[in-house]
$ cat work15.cif   # mmCIF, C-alpha atoms
data_input
#
loop_
_atom_site.label_atom_id
_atom_site.label_comp_id
_atom_site.auth_asym_id
_atom_site.auth_seq_id
_atom_site.Cartn_x
_atom_site.Cartn_y
_atom_site.Cartn_z
CA ALA A 1 -12.59 13.35 -10.89
CA GLN A 2 -10.33 10.73 -12.53
CA GLU A 3 -8.73 13.20 -14.92
CA PRO A 4 -6.77 11.15 -17.50
CA GLY A 5 -3.02 11.25 -16.91
CA LEU A 6 -3.21 13.03 -13.56
CA LEU A 7 -2.28 10.06 -11.36
CA PRO A 8 0.80 9.02 -13.40
CA ALA A 9 1.96 12.65 -13.53
CA LEU A 10 1.69 13.06 -9.75
CA PHE A 11 3.37 9.67 -9.35
CA ARG A 12 6.40 10.81 -11.35
CA GLU A 13 6.58 14.03 -9.32
CA ALA A 14 6.65 11.98 -6.12
CA GLY A 15 9.59 10.04 -7.54
CA GLU A 16 11.45 13.25 -8.35
CA LEU A 17 10.94 14.39 -4.75
CA GLY A 18 12.55 11.20 -3.44
CA VAL A 19 9.42 9.70 -1.87
CA PHE A 20 10.14 6.26 -3.37
CA ALA A 21 13.73 6.21 -2.08
CA VAL A 22 12.91 6.21 1.64
CA ASP A 23 12.80 2.43 2.23
CA VAL A 24 15.53 1.48 -0.24
CA PRO A 25 18.99 0.79 1.28
CA GLU A 26 21.73 3.30 0.44
CA ALA A 27 23.77 0.59 -1.26
CA LEU A 28 20.98 0.26 -3.82
CA GLY A 29 20.60 3.99 -4.44
CA GLY A 30 17.99 4.79 -1.81
CA LEU A 31 17.95 6.86 1.36
CA GLY A 32 18.14 3.88 3.72
CA ALA A 33 15.96 5.75 6.21
CA SER A 34 14.64 4.25 9.43
CA LYS A 35 11.22 2.62 9.51
CA THR A 36 10.10 5.44 11.84
CA THR A 37 10.95 7.94 9.09
CA ALA A 38 9.14 5.77 6.55
CA MET A 39 6.06 5.78 8.79
CA LEU A 40 6.14 9.59 9.04
CA VAL A 41 6.24 9.84 5.24
CA ALA A 42 3.41 7.31 4.88
CA GLU A 43 1.31 9.29 7.36
CA LYS A 44 1.61 12.42 5.24
CA ILE A 45 0.95 10.49 2.03
CA GLY A 46 -2.19 9.07 3.66
CA GLN A 47 -3.66 12.57 3.67
CA GLY A 48 -3.65 12.50 -0.13
CA GLY A 49 -6.83 10.47 -0.55
CA SER A 50 -6.82 8.15 -3.55
CA PHE A 51 -3.26 9.14 -4.44
CA ALA A 52 -2.00 7.28 -1.38
CA PRO A 53 -2.42 3.69 -2.69
CA ALA A 54 -0.19 4.41 -5.69
CA VAL A 55 2.67 5.54 -3.44
CA LEU A 56 2.14 2.80 -0.85
CA VAL A 57 2.36 0.10 -3.52
CA GLN A 58 5.51 1.59 -5.05
CA THR A 59 7.20 1.94 -1.65
CA GLY A 60 5.90 -1.38 -0.38
CA ILE A 61 4.41 -4.48 -1.95
CA GLY A 62 5.14 -3.45 -5.56
CA GLY A 63 8.70 -2.13 -5.40
CA LEU A 64 10.25 -3.83 -2.37
CA PRO A 65 10.00 -7.45 -3.60
CA ILE A 66 12.70 -6.62 -6.14
CA VAL A 67 14.70 -4.60 -3.60
CA TYR A 68 14.53 -7.29 -0.90
CA PHE A 69 14.46 -10.53 -2.93
CA GLY A 70 15.86 -9.68 -6.36
CA THR A 71 19.17 -10.88 -7.76
CA ASP A 72 21.97 -8.40 -8.33
CA GLU A 73 21.06 -8.39 -12.02
CA GLN A 74 17.39 -7.74 -11.31
CA ARG A 75 18.21 -4.94 -8.92
CA ALA A 76 20.64 -3.37 -11.39
CA ARG A 77 17.97 -3.52 -14.07
CA TRP A 78 14.99 -2.10 -12.20
CA VAL A 79 15.72 -0.51 -8.80
CA ASP A 80 16.96 2.84 -10.13
CA GLY A 81 13.72 3.24 -12.08
CA ILE A 82 11.62 2.24 -9.08
CA VAL A 83 13.40 4.78 -6.86
CA SER A 84 13.06 7.60 -9.40
CA GLY A 85 9.45 6.80 -10.29
CA ALA A 86 10.34 6.15 -13.92
CA VAL A 87 9.26 2.52 -13.40
CA ALA A 88 5.87 2.07 -11.73
CA THR A 89 5.09 -1.21 -10.00
CA ALA A 90 2.07 -3.33 -9.08
CA TYR A 91 1.53 -6.41 -6.92
CA ALA A 92 -0.61 -9.14 -8.49
CA LEU A 93 -1.63 -11.78 -5.95
CA THR A 94 -5.43 -11.64 -5.64
CA GLU A 95 -7.63 -13.77 -7.89
CA ALA A 96 -11.38 -14.24 -8.19
CA GLY A 97 -11.21 -17.34 -6.02
CA SER A 98 -8.30 -16.45 -3.73
CA GLY A 99 -7.68 -13.32 -1.70
CA SER A 100 -6.51 -13.96 1.83
CA ASP A 101 -5.98 -17.59 0.79
CA ALA A 102 -2.94 -16.63 -1.29
CA LEU A 103 -1.77 -20.21 -1.83
CA GLY A 104 -5.13 -21.02 -3.39
CA ALA A 105 -4.12 -19.13 -6.54
CA ARG A 106 -4.92 -20.86 -9.83
CA THR A 107 -2.66 -18.92 -12.19
CA THR A 108 -0.13 -21.40 -13.57
CA ALA A 109 3.29 -21.33 -15.18
CA ARG A 110 5.01 -24.04 -17.21
CA PHE A 111 8.60 -23.96 -18.38
CA ASP A 112 9.32 -23.95 -22.11
CA ALA A 113 12.89 -25.25 -22.16
CA GLU A 114 13.34 -24.57 -25.86
CA ARG A 115 12.64 -20.85 -25.46
CA GLY A 116 13.94 -20.51 -21.89
CA VAL A 117 10.71 -18.90 -20.70
CA TYR A 118 7.84 -19.64 -18.33
CA LEU A 119 4.39 -19.49 -19.90
CA LEU A 120 1.87 -17.89 -17.54
CA SER A 121 -1.86 -18.53 -17.83
CA GLY A 122 -4.60 -17.27 -15.56
CA SER A 123 -5.99 -14.03 -14.17
CA LYS A 124 -5.69 -11.55 -11.29
CA GLN A 125 -8.12 -8.95 -9.99
CA PHE A 126 -8.23 -5.76 -7.90
CA ILE A 127 -4.64 -4.88 -8.86
CA THR A 128 -3.68 -1.39 -7.67
CA ASN A 129 -1.62 0.73 -10.12
CA ALA A 130 -2.40 -1.72 -12.94
CA GLY A 131 -3.57 1.00 -15.31
CA PHE A 132 -0.13 2.63 -15.53
CA ALA A 133 2.36 0.15 -13.99
CA ASP A 134 5.42 -0.98 -15.92
CA LEU A 135 6.32 -3.98 -13.74
CA PHE A 136 3.99 -6.50 -12.11
CA ILE A 137 4.97 -8.86 -9.30
CA VAL A 138 2.85 -11.86 -10.33
CA PHE A 139 2.38 -15.07 -8.37
CA ALA A 140 1.72 -18.34 -10.19
CA LYS A 141 2.12 -22.05 -9.58
CA VAL A 142 4.84 -23.70 -11.66
CA ASP A 143 3.44 -26.98 -12.98
CA GLY A 144 0.32 -26.23 -10.97
CA THR A 145 1.94 -26.81 -7.57
CA GLN A 146 5.05 -24.68 -6.93
CA PHE A 147 3.96 -21.21 -5.82
CA THR A 148 6.44 -18.78 -7.40
CA ALA A 149 6.90 -15.04 -7.94
CA PHE A 150 7.62 -13.57 -11.37
CA VAL A 151 8.39 -10.07 -12.63
CA VAL A 152 6.15 -9.49 -15.64
CA GLU A 153 6.71 -6.47 -17.83
CA ARG A 154 3.93 -4.42 -19.36
CA GLY A 155 3.41 -5.25 -23.03
CA ALA A 156 4.42 -8.91 -22.76
CA PRO A 157 2.61 -11.07 -25.35
CA GLY A 158 -0.63 -12.53 -24.08
CA PHE A 159 -0.73 -10.13 -21.12
CA THR A 160 -3.91 -8.03 -21.02
CA ILE A 161 -4.83 -5.27 -18.57
CA GLY A 162 -8.56 -4.79 -18.09
CA ALA A 163 -10.57 -1.59 -17.81
CA GLU A 164 -10.53 0.52 -14.66
CA GLU A 165 -12.88 -0.75 -11.96
CA HIS A 166 -15.69 1.57 -10.86
CA LYS A 167 -15.38 1.76 -7.08
CA LEU A 168 -17.30 3.17 -4.12
CA GLY A 169 -14.25 5.12 -2.93
CA LEU A 170 -10.61 5.72 -3.88
CA LYS A 171 -11.90 6.63 -7.32
CA GLY A 172 -8.65 8.28 -8.33
CA SER A 173 -6.69 5.09 -7.65
CA SER A 174 -6.06 2.75 -10.59
CA THR A 175 -7.58 -0.72 -10.08
CA CYS A 176 -7.75 -3.26 -12.93
CA ALA A 177 -7.92 -6.98 -13.60
CA LEU A 178 -5.09 -8.81 -15.39
CA SER A 179 -5.19 -11.82 -17.67
CA PHE A 180 -2.40 -14.04 -18.97
CA ASP A 181 -2.68 -16.31 -21.99
CA GLU A 182 0.52 -18.31 -22.37
CA THR A 183 2.44 -15.12 -21.55
CA PRO A 184 6.18 -15.77 -21.95
CA VAL A 185 8.25 -14.62 -18.98
CA PRO A 186 12.05 -15.04 -19.19
CA ALA A 187 13.60 -17.38 -16.63
CA ALA A 188 15.73 -14.39 -15.55
CA ASN A 189 12.48 -12.77 -14.32
CA VAL A 190 11.80 -15.41 -11.68
CA LEU A 191 11.90 -13.60 -8.32
CA GLY A 192 13.47 -15.67 -5.56
CA GLU A 193 13.28 -19.45 -5.89
CA ILE A 194 10.85 -21.72 -7.68
CA GLY A 195 8.29 -22.93 -5.14
CA LYS A 196 9.29 -20.30 -2.56
CA GLY A 197 6.97 -17.50 -3.65
CA HIS A 198 5.13 -17.62 -0.34
CA LYS A 199 8.21 -16.17 1.38
CA ILE A 200 7.99 -13.11 -0.87
CA ALA A 201 4.20 -12.82 -0.80
CA PHE A 202 3.83 -12.95 2.96
CA ASN A 203 6.92 -10.96 3.92
CA VAL A 204 6.18 -8.01 1.65
CA LEU A 205 2.59 -8.00 2.92
CA ASN A 206 4.08 -7.33 6.36
CA ILE A 207 5.61 -4.09 5.11
CA GLY A 208 2.36 -3.31 3.29
CA ARG A 209 0.39 -3.65 6.52
CA LEU A 210 3.01 -1.73 8.49
CA LYS A 211 2.80 1.25 6.12
CA LEU A 212 -0.95 1.17 5.61
CA SER A 213 -1.39 1.83 9.32
CA PRO A 214 0.26 5.29 9.36
CA ALA A 215 -1.39 6.11 6.04
CA VAL A 216 -4.88 5.66 7.46
CA LEU A 217 -3.69 7.50 10.57
CA GLY A 218 -2.88 10.48 8.35
CA GLY A 219 -6.30 10.24 6.75
CA ALA A 220 -7.99 10.15 10.15
CA LYS A 221 -6.04 13.18 11.33
CA ILE A 222 -7.01 15.34 8.37
CA SER A 223 -10.63 14.22 8.74
CA LEU A 224 -10.63 15.24 12.42
CA ALA A 225 -8.97 18.56 11.58
CA THR A 226 -11.64 19.50 9.03
CA GLY A 227 -14.44 18.31 11.34
CA THR A 228 -13.08 20.33 14.26
CA ARG A 229 -12.68 23.44 12.13
CA TYR A 230 -16.27 23.16 10.91
CA ALA A 231 -17.56 22.60 14.46
CA LEU A 232 -15.83 25.80 15.61
CA GLU A 233 -17.17 27.83 12.68
CA ARG A 234 -20.75 26.51 12.50
CA LYS A 235 -23.15 28.44 14.73
CA GLN A 236 -26.51 27.18 16.01
CA PHE A 237 -28.65 28.64 18.80
CA GLY A 238 -26.16 31.49 19.13
CA LYS A 239 -23.00 29.44 19.72
CA ALA A 240 -20.53 27.19 17.94
CA ILE A 241 -21.72 23.60 17.68
CA ALA A 242 -18.33 22.56 19.12
CA GLU A 243 -19.81 23.60 22.48
CA PHE A 244 -22.63 21.06 22.28
CA PRO A 245 -21.99 17.90 24.38
CA LEU A 246 -22.89 15.49 21.54
CA ILE A 247 -20.47 17.16 19.10
CA ARG A 248 -17.76 17.26 21.76
CA GLN A 249 -18.32 13.55 22.34
CA LYS A 250 -17.79 12.85 18.63
CA LEU A 251 -14.58 14.90 18.55
CA ALA A 252 -13.32 13.19 21.70
CA ALA A 253 -14.05 9.71 20.31
CA ALA A 254 -12.09 10.54 17.17
CA CYS A 255 -9.19 11.95 19.21
CA SER A 256 -8.96 8.84 21.39
CA ARG A 257 -8.87 6.48 18.38
CA ILE A 258 -6.20 8.60 16.70
CA TYR A 259 -4.12 8.75 19.88
CA CYS A 260 -4.19 4.96 20.23
CA GLN A 261 -3.38 4.43 16.56
CA GLU A 262 -0.47 6.88 16.60
CA THR A 263 0.95 5.18 19.68
CA MET A 264 0.68 1.73 18.05
CA VAL A 265 2.22 2.84 14.76
CA TYR A 266 5.32 4.49 16.17
CA ARG A 267 5.83 1.91 18.92
CA THR A 268 5.95 -0.79 16.25
CA ALA A 269 8.22 1.26 14.00
CA HIS A 270 10.58 1.82 16.93
CA ASP A 271 10.62 -1.90 17.73
CA VAL A 272 11.48 -2.74 14.11
CA ASP A 273 14.21 -0.09 14.03
CA ARG A 274 15.70 -1.40 17.28
CA ARG A 275 15.72 -4.91 15.83
CA LEU A 276 17.47 -3.60 12.70
CA GLU A 277 20.12 -1.79 14.75
CA SER A 278 21.02 -5.08 16.44
CA ALA A 279 21.20 -6.82 13.06
CA ARG A 280 23.43 -4.12 11.56
CA GLU A 281 25.87 -4.39 14.44
CA GLY A 282 26.34 -8.03 13.51
CA GLY A 283 26.94 -7.18 9.85
CA GLY A 284 25.40 -9.12 6.97
CA ASP A 285 22.74 -8.49 4.34
CA VAL A 286 20.69 -5.37 5.14
CA CYS A 287 17.71 -6.52 3.06
CA ALA A 288 17.64 -9.91 4.77
CA ALA A 289 17.75 -8.17 8.16
CA ILE A 290 14.78 -5.97 7.23
CA VAL A 291 12.74 -8.98 6.10
CA ALA A 292 13.58 -10.82 9.32
CA ALA A 293 12.60 -7.83 11.47
CA LEU A 294 9.28 -7.43 9.68
CA ARG A 295 8.59 -11.14 10.04
CA GLU A 296 9.28 -10.90 13.78
CA PHE A 297 6.67 -8.14 14.14
CA SER A 298 4.16 -9.51 11.63
CA VAL A 299 1.41 -9.82 14.27
CA GLU A 300 1.86 -6.18 15.29
CA CYS A 301 1.69 -5.15 11.62
CA SER A 302 -1.62 -6.97 11.25
CA ILE A 303 -3.06 -5.56 14.49
CA ASN A 304 -2.12 -2.03 13.44
CA LYS A 305 -3.71 -2.46 10.02
CA VAL A 306 -7.00 -3.72 11.44
CA TYR A 307 -7.23 -1.16 14.24
CA GLY A 308 -6.20 1.70 11.96
CA SER A 309 -8.66 0.91 9.18
CA GLU A 310 -11.49 0.60 11.70
CA ALA A 311 -10.42 3.83 13.42
CA ILE A 312 -10.46 5.88 10.22
CA ASP A 313 -13.89 4.44 9.44
CA LEU A 314 -15.22 5.68 12.78
CA VAL A 315 -13.49 9.07 12.53
CA SER A 316 -14.67 9.83 8.98
CA ASP A 317 -18.22 8.75 9.87
CA GLU A 318 -18.31 10.92 12.99
CA MET A 319 -16.88 13.92 11.16
CA LEU A 320 -19.48 13.59 8.41
CA GLN A 321 -22.13 13.66 11.14
CA VAL A 322 -20.51 16.76 12.67
CA HIS A 323 -21.04 18.45 9.30
CA GLY A 324 -24.72 17.49 9.33
CA GLY A 325 -26.33 17.85 5.89
CA TYR A 326 -23.23 19.58 4.53
CA GLY A 327 -21.29 16.36 5.10
CA TYR A 328 -23.24 14.87 2.19
CA VAL A 329 -22.25 17.66 -0.19
CA SER A 330 -19.05 17.27 -2.22
CA GLU A 331 -18.18 20.95 -1.72
CA TYR A 332 -17.16 19.98 1.83
CA PRO A 333 -14.19 17.62 2.49
CA ALA A 334 -16.11 15.31 4.83
CA GLU A 335 -17.84 13.70 1.84
CA ARG A 336 -14.52 12.85 0.21
CA HIS A 337 -13.01 11.54 3.43
CA TYR A 338 -16.03 9.29 3.92
CA ARG A 339 -15.60 7.76 0.45
#
$ encode --input "work15.cif" --output "structure tokens"
Amino acid sequence: AQEPGLLPALFREAGELGVFAVDVPEALGGLGASKTTAMLVAEKIGQGGSFAPAVLVQTGIGGLPIVYFGTDEQRARWVDGIVSGAVATAYALTEAGSGSDALGARTTARFDAERGVYLLSGSKQFITNAGFADLFIVFAKVDGTQFTAFVVERGAPGFTIGAEEHKLGLKGSSTCALSFDETPVPAANVLGEIGKGHKIAFNVLNIGRLKLSPAVLGGAKISLATGTRYALERKQFGKAIAEFPLIRQKLAAACSRIYCQETMVYRTAHDVDRRLESAREGGGDVCAAIVAALREFSVECSINKVYGSEAIDLVSDEMLQVHGGYGYVSEYPAERHYR
């Protein structure tokens, strides 16, 4: 229903419960949990409908760039707030003319030596959490050529956040456009190296894809559960519709997709964890080891994302059909799952 203030309030509660600490190394104030544990958490969060994107951004593409690629000073400044939920994050890569073609971005940055700041100009769109985020990971080309990541703080001069987008689904999730008009960003807010923003953009997208997969798995599971319950309760011709071959076929199709997706998700998480165990035995930077492991399994992350998003589409569609006409009525959960 998009009740004002509800999403940020739930977001802060999630922080208090420790949800945002799962993927953060212990040395930085997090739980340092395994990726398998992180997947289990993401699966449960995925059952929360439009609340899920807010958490997935904070524990993935919005918060982890600073955790994995930030300087000691940047981590000291922001990570505690990210872990507690006091500082909400967003990831600003997509533009009107560039989505998957990330390096085609047109937002620019030029260095003002006198002030010691980069001046950002351009726009972003479809930015999740934008309506309430405090920090934005923004990608721009320095001097029009060097793709670079910046940490932009809410309220910076010349930085405007647009109105909430009206969407087909995920209506409770915040999605806005951003615009920058000579927005000054301190040189200390450059994330990583000038011209090396692609390393941050692509590597954090790996973790985003990895965690989206169990999230949609969780959504598919709850959709199947409600569809099965309805099929057992709904009577036609003197018996539960769950006994009809066509309904049983729909339930079986959903089960098989979920089984495959669950197997893929936790196989990949186990492979990443095994890779991390080997890296830890050799010592070194934990964050660098995590990035390397995710890069090694980037293809699996992409496969899981595609299969999982298509599986939840099939499951939610079939479960709406199991509900018949009631699936179109918002009193029943199938309508929400479908959106």
$ resolve_selection --input "work15.cif" --expression "the PyMOL selection byres ((chain A and resi 109) around 9)" --output "MDAnalysis selection string"
chainID A and resid 107:108 110:111 118:122 140:144 148 182:183
$ resolve_selection --input "work15.cif" --expression "the PyMOL selection byres ((chain A and resi 334) around 10)" --output "ChimeraX atom specification"
/A:222-224,226-227,230,316-324,326-333,335-339
$ resolve_selection --input "work15.cif" --expression "the PyMOL selection byres ((chain A and resi 50) around 9)" --output "list in words"
Gly46, Gly48, Gly49, Phe51, Ala52, Pro53, Ala54, Gly169, Leu170, Lys171, Gly172, Ser173 and Ser174 of chain A
$ residues_around --input "work15.cif" --residues "Asn189 (chain A)" --least-positions-apart "6" --cutoff "10 Å" --atoms "all atoms listed in the file" --output "PyMOL selection string"
chain A and resi 70-71+73-74+117-118+137+149-153
$ closest_residue --input "work15.cif" --among "A:Ala254, A:Ala240, A:Leu168, A:Ile207" --to "Glu300 (chain A)" --atoms "only C-alpha atoms"
A:Ile207
$ closest_residue --input "work15.cif" --among "A:Thr263, A:Gln58, A:Ser179, A:Thr37" --to "Asp134 (chain A)" --atoms "all atoms listed in the file"
A:Gln58
$ residues_around --input "work15.cif" --residues "Pro8 (chain A)" --least-positions-apart "4" --cutoff "9 Å" --atoms "all atoms listed in the file" --output "ChimeraX atom specification"
/A:4,12-13,88,132
$ atom_distance --input "work15.cif" --atom1 "CA of Ile45 (chain A)" --atom2 "CA of Asp23 (chain A)"
14.3 Å
$ closest_residue --input "work15.cif" --among "A:Leu191, A:Ile312, A:Cys287, A:Leu276" --to "Tyr259 (chain A)" --atoms "all atoms listed in the file"
A:Ile312
$ residues_around --input "work15.cif" --residues "Phe20 (chain A)" --least-positions-apart "6" --cutoff "7 Å" --atoms "all atoms listed in the file" --output "PyMOL selection string"
chain A and resi 58-59+83-85
$ residues_around --input "work15.cif" --residues "Tyr91 (chain A)" --least-positions-apart "6" --cutoff "9 Å" --atoms "only C-alpha atoms" --output "list of chain:residue names"
A:Val57, A:Ile61, A:Gly62, A:Gly63, A:Ile127, A:Thr128, A:Asn129, A:Ala130, A:Leu135, A:Phe136, A:Ile137, A:Val138, A:Phe139
$ closest_residue --input "work15.cif" --among "A:Gln2, A:Ala288, A:Val24, A:Gln249" --to "Lys167 (chain A)" --atoms "all atoms listed in the file"
A:Gln2
$ axis_aligned_box --input "work15.cif" --around "region 45-51 of chain A" --padding-each-side "5 Å" --output "JSON"
{"center_x": -2.9, "center_y": 10.4, "center_z": -0.4, "size_x": 17.8, "size_y": 14.4, "size_z": 18.1}
